[in-house]
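Containing compact mmCIF, C-alpha atoms: protein_1.txt.
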```txt
# COMPACT_ATOMS: atom_id res chain seq x y z
CA MET N 1 -11.15 -111.75 -159.90
CA PRO N 2 -10.40 -108.00 -160.21
CA SER N 3 -8.28 -108.54 -163.32
CA TYR N 4 -11.07 -110.54 -164.91
CA LEU N 5 -13.56 -107.79 -164.23
CA GLN N 6 -11.24 -105.16 -165.65
CA GLN N 7 -10.79 -107.22 -168.81
CA LEU N 8 -14.54 -107.65 -169.06
CA ALA N 9 -15.10 -103.90 -168.79
CA VAL N 10 -12.55 -103.25 -171.55
CA ALA N 11 -14.17 -105.87 -173.76
CA MET N 12 -17.59 -104.34 -173.24
CA LEU N 13 -16.30 -100.93 -174.20
CA ALA N 14 -14.57 -102.25 -177.29
CA ALA N 15 -17.77 -103.97 -178.36
CA GLY N 16 -19.82 -100.83 -177.81
CA LEU N 17 -21.94 -102.46 -175.12
CA VAL N 18 -21.88 -99.53 -172.69
CA SER N 19 -25.02 -97.43 -173.01
CA ALA N 20 -24.89 -93.76 -173.81
CA ALA N 21 -24.69 -91.21 -171.02
CA PRO N 22 -27.89 -89.42 -170.03
CA ALA N 23 -28.25 -85.71 -170.62
CA PRO N 24 -26.54 -83.47 -168.03
CA SER N 25 -29.92 -82.40 -166.65
CA GLN N 26 -30.57 -85.97 -165.56
CA VAL N 27 -27.43 -86.27 -163.44
CA LEU N 28 -26.43 -83.49 -161.06
CA ASP N 29 -22.86 -82.81 -159.93
CA LEU N 30 -21.29 -85.10 -162.48
CA THR N 31 -17.73 -83.85 -162.69
CA GLU N 32 -16.47 -86.06 -165.46
CA ARG N 33 -17.87 -88.48 -167.99
CA SER N 34 -15.98 -90.35 -170.65
CA SER N 35 -16.69 -93.47 -172.63
CA SER N 36 -15.26 -95.56 -169.80
CA THR N 37 -15.59 -93.59 -166.56
CA CYS N 38 -18.25 -91.62 -164.70
CA THR N 39 -16.95 -89.53 -161.80
CA PHE N 40 -19.59 -88.45 -159.30
CA THR N 41 -19.21 -85.92 -156.51
CA SER N 42 -22.62 -86.39 -154.88
CA ALA N 43 -24.75 -89.31 -153.80
CA ALA N 44 -27.68 -88.05 -155.86
CA SER N 45 -25.67 -88.00 -159.07
CA ALA N 46 -24.24 -91.45 -158.42
CA ILE N 47 -27.65 -92.95 -157.73
CA ALA N 48 -29.16 -91.30 -160.81
CA GLY N 49 -26.31 -92.18 -163.15
CA LYS N 50 -25.19 -95.62 -161.94
CA ALA N 51 -27.20 -97.57 -164.52
CA SER N 52 -25.40 -95.94 -167.45
CA CYS N 53 -21.83 -96.41 -166.23
CA SER N 54 -19.53 -99.40 -166.06
CA ASN N 55 -16.69 -97.58 -164.28
CA ILE N 56 -17.92 -95.43 -161.40
CA VAL N 57 -15.66 -93.13 -159.39
CA LEU N 58 -17.07 -91.62 -156.20
CA SER N 59 -14.95 -88.56 -155.49
CA ASN N 60 -15.21 -86.94 -152.04
CA VAL N 61 -18.91 -87.72 -151.79
CA ALA N 62 -20.82 -86.31 -148.81
CA VAL N 63 -23.92 -88.47 -148.39
CA PRO N 64 -26.86 -86.49 -146.93
CA ALA N 65 -28.32 -87.41 -143.54
CA GLY N 66 -30.78 -90.28 -143.65
CA GLN N 67 -29.86 -91.30 -147.19
CA THR N 68 -28.30 -94.51 -148.46
CA LEU N 69 -25.55 -94.39 -151.04
CA ASP N 70 -27.55 -96.85 -153.12
CA LEU N 71 -25.43 -98.72 -155.64
CA THR N 72 -27.74 -101.70 -156.03
CA GLY N 73 -28.62 -103.20 -159.38
CA LEU N 74 -25.34 -102.28 -161.05
CA LYS N 75 -24.61 -103.47 -164.56
CA THR N 76 -22.69 -106.74 -164.72
CA GLY N 77 -18.96 -106.07 -164.58
CA THR N 78 -19.17 -102.58 -163.09
CA LYS N 79 -16.18 -101.21 -161.17
CA VAL N 80 -16.80 -98.79 -158.29
CA THR N 81 -13.91 -96.77 -156.87
CA PHE N 82 -14.07 -94.71 -153.68
CA GLU N 83 -11.75 -91.72 -154.03
CA GLY N 84 -10.86 -89.06 -151.47
CA THR N 85 -12.99 -88.94 -148.32
CA THR N 86 -16.56 -90.21 -148.22
CA THR N 87 -18.70 -88.82 -145.37
CA PHE N 88 -22.28 -89.08 -144.11
CA GLY N 89 -24.73 -86.65 -142.54
CA TYR N 90 -26.16 -87.33 -139.09
CA LYS N 91 -29.63 -88.71 -138.47
CA GLU N 92 -31.02 -91.35 -136.16
CA TRP N 93 -32.17 -94.10 -138.52
CA ALA N 94 -31.50 -97.78 -139.28
CA GLY N 95 -29.50 -97.30 -142.50
CA PRO N 96 -27.62 -98.73 -144.25
CA LEU N 97 -25.26 -95.95 -145.21
CA ILE N 98 -24.04 -97.88 -148.28
CA LYS N 99 -25.48 -100.81 -150.20
CA VAL N 100 -24.16 -102.47 -153.34
CA SER N 101 -25.51 -105.33 -155.43
CA GLY N 102 -24.85 -106.86 -158.81
CA SER N 103 -22.81 -109.55 -160.51
CA GLN N 104 -19.07 -109.50 -161.25
CA ILE N 105 -18.73 -106.15 -159.49
CA THR N 106 -15.46 -104.71 -158.19
CA VAL N 107 -15.66 -102.27 -155.28
CA GLN N 108 -12.30 -100.75 -154.46
CA GLY N 109 -10.60 -97.93 -152.63
CA ALA N 110 -8.23 -95.58 -154.42
CA PRO N 111 -4.84 -94.99 -152.74
CA GLY N 112 -5.36 -92.85 -149.66
CA ALA N 113 -9.15 -92.97 -149.84
CA VAL N 114 -11.12 -93.11 -146.58
CA ILE N 115 -14.78 -93.83 -145.88
CA ASP N 116 -15.50 -92.09 -142.58
CA ALA N 117 -18.93 -92.90 -141.17
CA GLY N 118 -18.56 -90.46 -138.27
CA GLY N 119 -19.80 -93.01 -135.76
CA ALA N 120 -18.98 -90.94 -132.66
CA ARG N 121 -22.12 -88.89 -133.32
CA TRP N 122 -24.22 -91.99 -132.62
CA TRP N 123 -22.10 -93.84 -130.06
CA ASP N 124 -23.73 -93.92 -126.64
CA GLY N 125 -22.47 -97.20 -125.20
CA LYS N 126 -25.69 -99.03 -126.13
CA GLY N 127 -25.14 -100.04 -129.74
CA THR N 128 -28.26 -101.72 -131.12
CA ASN N 129 -29.63 -102.34 -127.61
CA GLY N 130 -31.21 -98.94 -127.10
CA GLY N 131 -30.36 -95.28 -127.00
CA LYS N 132 -29.97 -93.60 -130.35
CA THR N 133 -31.11 -95.42 -133.47
CA LYS N 134 -27.90 -96.12 -135.34
CA PRO N 135 -27.48 -96.91 -139.04
CA LYS N 136 -25.80 -100.09 -140.22
CA PHE N 137 -22.87 -99.31 -142.49
CA PHE N 138 -22.50 -101.49 -145.62
CA TYR N 139 -24.94 -104.04 -147.06
CA ALA N 140 -23.25 -106.44 -149.48
CA HIS N 141 -26.46 -108.30 -150.30
CA SER N 142 -26.75 -110.12 -153.64
CA LEU N 143 -23.26 -108.92 -154.52
CA ASP N 144 -22.38 -112.14 -156.31
CA ASP N 145 -19.21 -113.28 -158.09
CA SER N 146 -17.71 -110.00 -156.97
CA THR N 147 -14.80 -108.41 -155.11
CA ILE N 148 -14.46 -105.74 -152.43
CA THR N 149 -10.85 -104.68 -152.12
CA GLY N 150 -8.69 -102.09 -150.41
CA LEU N 151 -11.37 -100.12 -148.57
CA SER N 152 -10.29 -98.08 -145.55
CA ILE N 153 -13.24 -97.52 -143.22
CA MET N 154 -13.49 -95.53 -140.00
CA ASN N 155 -15.98 -95.11 -137.18
CA THR N 156 -19.05 -97.10 -138.16
CA PRO N 157 -22.07 -96.31 -135.94
CA VAL N 158 -22.74 -100.02 -135.35
CA GLN N 159 -22.11 -103.11 -137.51
CA ALA N 160 -19.81 -102.54 -140.48
CA PHE N 161 -20.45 -105.22 -143.14
CA SER N 162 -23.59 -107.28 -143.54
CA ILE N 163 -22.78 -109.94 -146.13
CA GLN N 164 -25.47 -112.02 -147.84
CA SER N 165 -23.86 -112.99 -151.13
CA ASP N 166 -22.47 -115.88 -153.15
CA ASN N 167 -18.87 -116.04 -154.33
CA LEU N 168 -17.77 -112.75 -152.83
CA ALA N 169 -14.11 -111.97 -152.11
CA VAL N 170 -13.24 -109.27 -149.57
CA ILE N 171 -9.55 -108.45 -149.78
CA GLY N 172 -7.43 -106.07 -147.71
CA VAL N 173 -10.26 -104.18 -146.03
CA HIS N 174 -9.40 -102.10 -142.95
CA ILE N 175 -12.08 -101.18 -140.39
CA ASP N 176 -10.87 -98.82 -137.67
CA ASN N 177 -13.38 -98.21 -134.90
CA SER N 178 -10.70 -97.89 -132.22
CA ALA N 179 -12.00 -94.43 -131.30
CA GLY N 180 -15.04 -96.21 -129.92
CA ASP N 181 -12.99 -97.90 -127.19
CA SER N 182 -13.24 -94.79 -125.04
CA ASN N 183 -16.15 -93.09 -126.74
CA GLY N 184 -19.12 -95.43 -126.40
CA GLY N 185 -18.70 -97.65 -129.45
CA HIS N 186 -20.76 -100.85 -129.11
CA ASN N 187 -21.97 -103.63 -131.44
CA THR N 188 -19.47 -102.48 -134.06
CA ASP N 189 -19.06 -105.91 -135.66
CA GLY N 190 -16.59 -106.12 -138.51
CA PHE N 191 -18.12 -108.76 -140.81
CA ASP N 192 -21.52 -110.37 -140.20
CA ILE N 193 -22.19 -113.20 -142.66
CA SER N 194 -25.49 -114.98 -143.27
CA ASN N 195 -27.27 -116.76 -146.12
CA SER N 196 -24.05 -116.86 -148.13
CA ASN N 197 -22.13 -119.45 -150.13
CA GLY N 198 -18.50 -118.98 -151.09
CA VAL N 199 -17.33 -115.93 -149.16
CA THR N 200 -13.58 -115.30 -148.86
CA ILE N 201 -12.15 -112.62 -146.55
CA GLU N 202 -8.39 -112.15 -146.66
CA GLY N 203 -6.07 -109.66 -145.00
CA ALA N 204 -8.73 -107.82 -143.00
CA VAL N 205 -7.71 -105.49 -140.18
CA VAL N 206 -10.51 -104.86 -137.67
CA LYS N 207 -10.34 -102.66 -134.57
CA ASN N 208 -13.73 -102.59 -132.90
CA GLN N 209 -15.98 -103.35 -129.92
CA ASP N 210 -17.76 -106.54 -131.02
CA ASP N 211 -17.14 -109.59 -133.19
CA CYS N 212 -14.37 -109.24 -135.72
CA LEU N 213 -16.15 -111.95 -137.72
CA ALA N 214 -19.56 -113.47 -136.98
CA ILE N 215 -20.97 -116.23 -139.18
CA ASN N 216 -24.65 -116.79 -138.42
CA SER N 217 -25.45 -118.98 -141.42
CA GLY N 218 -23.81 -119.97 -144.69
CA GLN N 219 -21.37 -122.39 -146.22
CA ASN N 220 -17.96 -122.52 -147.86
CA ILE N 221 -16.61 -119.51 -146.01
CA TYR N 222 -12.89 -118.77 -145.71
CA PHE N 223 -11.28 -116.16 -143.46
CA SER N 224 -7.49 -115.81 -143.58
CA GLY N 225 -4.79 -113.36 -142.59
CA GLY N 226 -7.04 -111.35 -140.30
CA THR N 227 -5.86 -109.00 -137.57
CA CYS N 228 -8.55 -108.44 -134.94
CA SER N 229 -8.25 -106.26 -131.84
CA GLY N 230 -10.43 -104.66 -129.20
CA GLY N 231 -13.60 -106.64 -129.86
CA HIS N 232 -15.11 -110.06 -129.24
CA GLY N 233 -12.94 -112.21 -131.49
CA LEU N 234 -13.70 -114.70 -134.26
CA SER N 235 -17.18 -116.17 -133.90
CA ILE N 236 -19.49 -118.76 -135.32
CA GLY N 237 -22.96 -117.68 -134.31
CA SER N 238 -24.98 -117.30 -132.53
CA VAL N 239 -26.62 -120.02 -134.64
CA GLY N 240 -30.35 -120.62 -134.26
CA GLY N 241 -33.56 -118.66 -134.22
CA ARG N 242 -33.26 -117.30 -137.77
CA ASP N 243 -34.69 -118.33 -141.13
CA ASN N 244 -31.41 -120.06 -141.99
CA ASN N 245 -29.65 -121.83 -139.13
CA VAL N 246 -27.02 -123.90 -140.92
CA VAL N 247 -23.28 -123.20 -140.88
CA LYS N 248 -21.05 -125.62 -142.77
CA ASN N 249 -17.57 -125.82 -144.28
CA VAL N 250 -15.90 -122.83 -142.67
CA THR N 251 -12.14 -122.24 -142.35
CA ILE N 252 -10.72 -119.49 -140.15
CA THR N 253 -6.94 -119.49 -140.32
CA GLU N 254 -3.63 -117.61 -140.12
CA SER N 255 -5.07 -114.81 -137.98
CA THR N 256 -4.42 -112.93 -134.74
CA VAL N 257 -6.82 -111.79 -132.03
CA SER N 258 -5.53 -109.35 -129.42
CA ASN N 259 -6.91 -107.31 -126.52
CA SER N 260 -10.35 -108.77 -127.05
CA ALA N 261 -13.02 -110.35 -124.87
CA ASN N 262 -12.78 -113.71 -126.66
CA GLY N 263 -10.36 -115.41 -128.96
CA VAL N 264 -12.37 -117.94 -130.96
CA ARG N 265 -15.88 -119.11 -130.15
CA ILE N 266 -18.93 -121.00 -131.30
CA LYS N 267 -22.29 -120.19 -129.75
CA THR N 268 -25.66 -121.76 -130.48
CA VAL N 269 -29.08 -120.70 -129.28
CA TYR N 270 -30.87 -122.33 -126.36
CA GLN N 271 -33.74 -124.59 -127.51
CA ALA N 272 -33.27 -123.60 -131.17
CA THR N 273 -32.62 -125.92 -134.11
CA GLY N 274 -29.98 -125.91 -136.84
CA SER N 275 -26.48 -127.28 -137.32
CA VAL N 276 -22.81 -126.35 -137.28
CA SER N 277 -20.52 -128.71 -139.19
CA GLY N 278 -17.10 -128.76 -140.79
CA VAL N 279 -15.66 -125.71 -139.01
CA THR N 280 -11.86 -125.36 -138.77
CA PHE N 281 -9.90 -122.93 -136.62
CA SER N 282 -6.20 -123.18 -137.43
CA ASN N 283 -3.06 -121.19 -136.73
CA ILE N 284 -4.76 -118.56 -134.58
CA GLN N 285 -2.57 -116.48 -132.26
CA LEU N 286 -4.19 -114.96 -129.16
CA SER N 287 -2.99 -112.27 -126.76
CA GLY N 288 -4.59 -110.14 -124.07
CA ILE N 289 -7.89 -112.05 -124.09
CA THR N 290 -10.03 -110.97 -121.13
CA GLU N 291 -12.89 -113.52 -120.93
CA TYR N 292 -12.42 -116.76 -122.91
CA GLY N 293 -9.55 -117.89 -125.09
CA LEU N 294 -11.59 -120.61 -126.76
CA VAL N 295 -15.27 -121.07 -126.00
CA VAL N 296 -17.96 -123.38 -127.37
CA GLU N 297 -21.40 -123.15 -125.79
CA GLN N 298 -24.90 -124.30 -126.67
CA ASP N 299 -26.85 -122.16 -124.24
CA TYR N 300 -27.39 -118.70 -125.72
CA GLU N 301 -30.72 -116.95 -125.24
CA ASN N 302 -31.42 -113.30 -126.04
CA GLY N 303 -27.71 -112.77 -126.64
CA SER N 304 -26.55 -114.10 -123.28
CA PRO N 305 -25.57 -117.53 -121.93
CA THR N 306 -28.08 -119.36 -119.73
CA GLY N 307 -25.73 -122.00 -118.33
CA THR N 308 -28.07 -124.74 -119.56
CA PRO N 309 -27.06 -126.29 -122.91
CA THR N 310 -29.55 -127.75 -125.37
CA THR N 311 -29.03 -130.16 -128.25
CA GLY N 312 -31.01 -128.69 -131.14
CA VAL N 313 -27.99 -127.19 -132.94
CA PRO N 314 -25.37 -129.97 -133.03
CA ILE N 315 -21.72 -129.00 -133.52
CA THR N 316 -19.98 -131.73 -135.51
CA GLY N 317 -16.69 -132.11 -137.35
CA LEU N 318 -14.99 -129.25 -135.51
CA THR N 319 -11.23 -129.02 -136.08
CA VAL N 320 -9.07 -126.86 -133.83
CA THR N 321 -5.36 -126.88 -134.54
CA ASP N 322 -2.50 -124.61 -133.56
CA VAL N 323 -4.60 -122.17 -131.57
CA THR N 324 -2.12 -120.66 -129.14
CA GLY N 325 -1.45 -117.63 -126.99
CA THR N 326 -2.34 -115.95 -123.74
CA VAL N 327 -5.32 -114.70 -121.81
CA THR N 328 -5.39 -112.42 -118.78
CA SER N 329 -5.25 -113.92 -115.29
CA SER N 330 -8.98 -113.43 -114.73
CA ALA N 331 -9.99 -115.04 -118.03
CA HIS N 332 -10.81 -118.67 -118.75
CA GLU N 333 -8.46 -120.38 -121.14
CA ILE N 334 -11.02 -122.84 -122.56
CA TYR N 335 -14.72 -123.32 -121.85
CA ILE N 336 -16.93 -126.00 -123.44
CA LEU N 337 -20.62 -126.33 -122.62
CA CYS N 338 -22.35 -128.88 -124.85
CA GLY N 339 -25.65 -130.70 -124.61
CA SER N 340 -25.69 -134.45 -124.22
CA GLY N 341 -24.41 -135.98 -127.48
CA SER N 342 -24.71 -132.77 -129.48
CA CYS N 343 -20.96 -132.16 -129.90
CA SER N 344 -19.12 -134.92 -131.74
CA GLY N 345 -16.40 -135.75 -134.22
CA TRP N 346 -14.03 -133.07 -132.98
CA THR N 347 -10.30 -133.03 -133.74
CA TRP N 348 -7.94 -130.93 -131.62
CA SER N 349 -4.18 -130.58 -131.84
CA ASP N 350 -1.58 -128.10 -130.60
CA VAL N 351 -4.07 -126.05 -128.61
CA LYS N 352 -1.99 -124.13 -126.07
CA ILE N 353 -3.72 -121.26 -124.32
CA THR N 354 -2.14 -120.07 -121.09
CA GLY N 355 -2.18 -117.33 -118.47
CA GLY N 356 -5.72 -117.66 -117.15
CA LYS N 357 -8.01 -119.98 -115.24
CA SER N 358 -9.11 -123.51 -116.06
CA SER N 359 -12.86 -123.95 -116.31
CA THR N 360 -14.45 -126.23 -113.73
CA ASN N 361 -17.99 -126.33 -115.12
CA CYS N 362 -17.50 -127.65 -118.64
CA GLU N 363 -20.10 -130.21 -119.75
CA ASN N 364 -20.18 -133.02 -122.31
CA VAL N 365 -16.72 -132.34 -123.69
CA PRO N 366 -16.32 -134.57 -126.76
CA THR N 367 -13.54 -137.09 -127.10
CA GLY N 368 -10.34 -135.48 -128.34
CA ALA N 369 -11.02 -132.04 -126.90
CA SER N 370 -10.00 -130.76 -123.49
CA CYS N 371 -11.31 -128.14 -121.14
```
In C-alpha cells, what does this structure look like?
Amino acid sequence: MPSYLQQLAVAMLAAGLVSAAPAPSQVLDLTERSSSTCTFTSAASAIAGKASCSNIVLSNVAVPAGQTLDLTGLKTGTKVTFEGTTTFGYKEWAGPLIKVSGSQITVQGAPGAVIDAGGARWWDGKGTNGGKTKPKFFYAHSLDDSTITGLSIMNTPVQAFSIQSDNLAVIGVHIDNSAGDSNGGHNTDGFDISNSNGVTIEGAVVKNQDDCLAINSGQNIYFSGGTCSGGHGLSIGSVGGRDNNVVKNVTITESTVSNSANGVRIKTVYQATGSVSGVTFSNIQLSGITEYGLVVEQDYENGSPTGTPTTGVPITGLTVTDVTGTVTSSAHEIYILCGSGSCSGWTWSDVKITGGKSSTNCENVPTGASC
C-alpha cells in the first residue's frame, strides 16, 4: 500500500493536481515548502496548511497543552511523516493528542523519529478510572484504505491507538510504555479496535500496562508478528454494551506475550447481547503470565468478572491452535466460563500451557476444548 500511495502522489504532482500553497501569512512556522513537500515545525502551521499539501513533514513539533495535532480531512493520497521528536504540553483533558483521517493516507515515521507523549506527567495508577483526566493518544478514525508504518511511540498517558477505520494497515509500530511499570501507568492499551472492517496489524511491539490488543467490535481483523509484554495480553472484548457488539473473522497469530497478566482471552459482558464468531488464535507463545494463560468468560460487568455467565453474546467458531508456553505457579493455565449452550463449534489443537494451576470452576466447556 505505501508504494501505491507514493505513486499516486507523484502522478498527482505530474498532472498538476496539487493546489497552490497559501501565502506565508496564512501558515506560521512553515520551514519549507516545495511543489511536493510541506515541512511544518508547529502544530498550528500543520493544521492551517494541511489542506494544501500532499506530502506533509512534521519536524520536531511541540504540540501545545490541551491541543490536538489535528490531521483530519487530509487530501486523498497524502503522506504524513513524523521527523525528529514530537512532544506535547501538559494539561488534564480527554484528548486525543493526535487524530488523522482521510483516504489512501500514509502515516510514517522517519528513521530515528520518536513521538513522546510524556505520559509520566499524568500517570497516577488510576488510568481512566479516576485521578487526573488523561488524554487518549491517537485516533485513527475514518482513516480508510490507509497505512500507518514505522512509528516509534513512548509514554502514552492512557490508551495509545483508537482504531475505527476500514482497510487500515498498521505496520512495524512500536509503543513503549515500560516506564509506567513502576511509575503509575494504567489503562495504557496498545490498540483498541471497534467499528472497523479490514484492519491489519503486523510487527507491533507493545510494552504497556493493559491490553496489547483489544477488539471490541469489527470484522476481518488480522494481527500478526506482535510482541506484547507487561500488560494484559491479546483480547477480544469486552464485547457487549456498546452500539456495535459484533466481532467476526479475526485472526491473531505468530505472536508472543510475556510478563503479562493474561495470555489470550475473550470476555463478553454479563446480560448484554452481541456475538463473537470466527476468531482464531494460532501460534501464540506465552511466558511469565501471572493470572490466566488462556481465558474465555461470559460474565463481565463494569469491567470485572461476576462469576455468573450469561448467554446473550455467543462465542462460536473459535479456533485455538498451537498456543503454548508457561504461566507462573499462582496463575491459572486455562479458564473457561460459558453460559449454557452459548459457546459452540470450537476447535482446539496443540494447546500446551504449563507451570500454573488447573481451574476447578470452569462451566459449560464446549466439546473439543479443555479446561
Using all atoms listed in the file, which residue out of N:Lys357, N:Thr328, N:Gly198, N:Gly233 lies closest to Val250 in chain N?
N:Gly198
Might you pull out every residue within 12 Å of Gln164 in chain N, with all atoms listed in the file counted and same-chain residues fewer than 2 positions away left off, and present them as a ChimeraX atom specification?
/N:99-101,138-144,161-162,166-168,191-199,215-219,221,244
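Of note, CA of Cys228 in chain N and CA of Lys352 in chain N are spaced 19.2 Å apart.
Remark: for Val269 in chain N, the closest of the candidate residues N:Gly237, N:Gly102, N:Gly131, N:Gly118 is N:Gly237 (distances computed over only C-alpha atoms).
Counting all atoms listed in the file, the residue from N:Ala204, N:Val158, N:Leu234, N:Ala331 that sits nearest to His174 in chain N is N:Ala204.
The shell of residues at most 7 Å from Asp299 in chain N, with all atoms listed in the file counted and near chain neighbours (fewer than 4 positions) removed, consists of Thr268, Val269, Tyr270, Pro305, Thr306, Gly307, Thr308, Pro309 and Thr310 of chain N.
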Name all residues at most 9 Å from range 75-88 of chain N (count all atoms listed in the file; drop same-chain ones fewer than 3 positions away) and give them as an MDAnalysis selection string.
chainID N and resid 2 5:6 8:9 12 50:67 97 102:118 146 151
Take the residues from that selection and write them out as an mmCIF file, in the frame of the given file, keeping C-alpha atoms.
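Final output, saved to out-v2.cif:
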```cif
data_model
loop_
_atom_site.group_PDB
_atom_site.id
_atom_site.type_symbol
_atom_site.label_atom_id
_atom_site.label_comp_id
_atom_site.auth_asym_id
_atom_site.auth_seq_id
_atom_site.Cartn_x
_atom_site.Cartn_y
_atom_site.Cartn_z
ATOM 1 C CA PRO N 2 -10.400 -108.000 -160.210
ATOM 2 C CA LEU N 5 -13.560 -107.790 -164.230
ATOM 3 C CA GLN N 6 -11.240 -105.160 -165.650
ATOM 4 C CA LEU N 8 -14.540 -107.650 -169.060
ATOM 5 C CA ALA N 9 -15.100 -103.900 -168.790
ATOM 6 C CA MET N 12 -17.590 -104.340 -173.240
ATOM 7 C CA LYS N 50 -25.190 -95.620 -161.940
ATOM 8 C CA ALA N 51 -27.200 -97.570 -164.520
ATOM 9 C CA SER N 52 -25.400 -95.940 -167.450
ATOM 10 C CA CYS N 53 -21.830 -96.410 -166.230
ATOM 11 C CA SER N 54 -19.530 -99.400 -166.060
ATOM 12 C CA ASN N 55 -16.690 -97.580 -164.280
ATOM 13 C CA ILE N 56 -17.920 -95.430 -161.400
ATOM 14 C CA VAL N 57 -15.660 -93.130 -159.390
ATOM 15 C CA LEU N 58 -17.070 -91.620 -156.200
ATOM 16 C CA SER N 59 -14.950 -88.560 -155.490
ATOM 17 C CA ASN N 60 -15.210 -86.940 -152.040
ATOM 18 C CA VAL N 61 -18.910 -87.720 -151.790
ATOM 19 C CA ALA N 62 -20.820 -86.310 -148.810
ATOM 20 C CA VAL N 63 -23.920 -88.470 -148.390
ATOM 21 C CA PRO N 64 -26.860 -86.490 -146.930
ATOM 22 C CA ALA N 65 -28.320 -87.410 -143.540
ATOM 23 C CA GLY N 66 -30.780 -90.280 -143.650
ATOM 24 C CA GLN N 67 -29.860 -91.300 -147.190
ATOM 25 C CA LEU N 97 -25.260 -95.950 -145.210
ATOM 26 C CA GLY N 102 -24.850 -106.860 -158.810
ATOM 27 C CA SER N 103 -22.810 -109.550 -160.510
ATOM 28 C CA GLN N 104 -19.070 -109.500 -161.250
ATOM 29 C CA ILE N 105 -18.730 -106.150 -159.490
ATOM 30 C CA THR N 106 -15.460 -104.710 -158.190
ATOM 31 C CA VAL N 107 -15.660 -102.270 -155.280
ATOM 32 C CA GLN N 108 -12.300 -100.750 -154.460
ATOM 33 C CA GLY N 109 -10.600 -97.930 -152.630
ATOM 34 C CA ALA N 110 -8.230 -95.580 -154.420
ATOM 35 C CA PRO N 111 -4.840 -94.990 -152.740
ATOM 36 C CA GLY N 112 -5.360 -92.850 -149.660
ATOM 37 C CA ALA N 113 -9.150 -92.970 -149.840
ATOM 38 C CA VAL N 114 -11.120 -93.110 -146.580
ATOM 39 C CA ILE N 115 -14.780 -93.830 -145.880
ATOM 40 C CA ASP N 116 -15.500 -92.090 -142.580
ATOM 41 C CA ALA N 117 -18.930 -92.900 -141.170
ATOM 42 C CA GLY N 118 -18.560 -90.460 -138.270
ATOM 43 C CA SER N 146 -17.710 -110.000 -156.970
ATOM 44 C CA LEU N 151 -11.370 -100.120 -148.570
#
```
For Ala261 in chain N, the closest of N:Val327, N:Ile153, N:Ala43, N:Ile163 counting all atoms listed in the file is N:Val327
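The two atoms in question, CA of Gln285 in chain N and CA of Thr324 in chain N, are spaced 5.2 Å apart.
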Report as a PyMOL selection string all protein, DNA and RNA residues lying within 9 Å of range 133-135 of chain N, evaluated on only C-alpha atoms, omitting residues in the same chain fewer than 5 positions from it.
chain N and resi 66+91-97+119+122-123+127-128+156-159
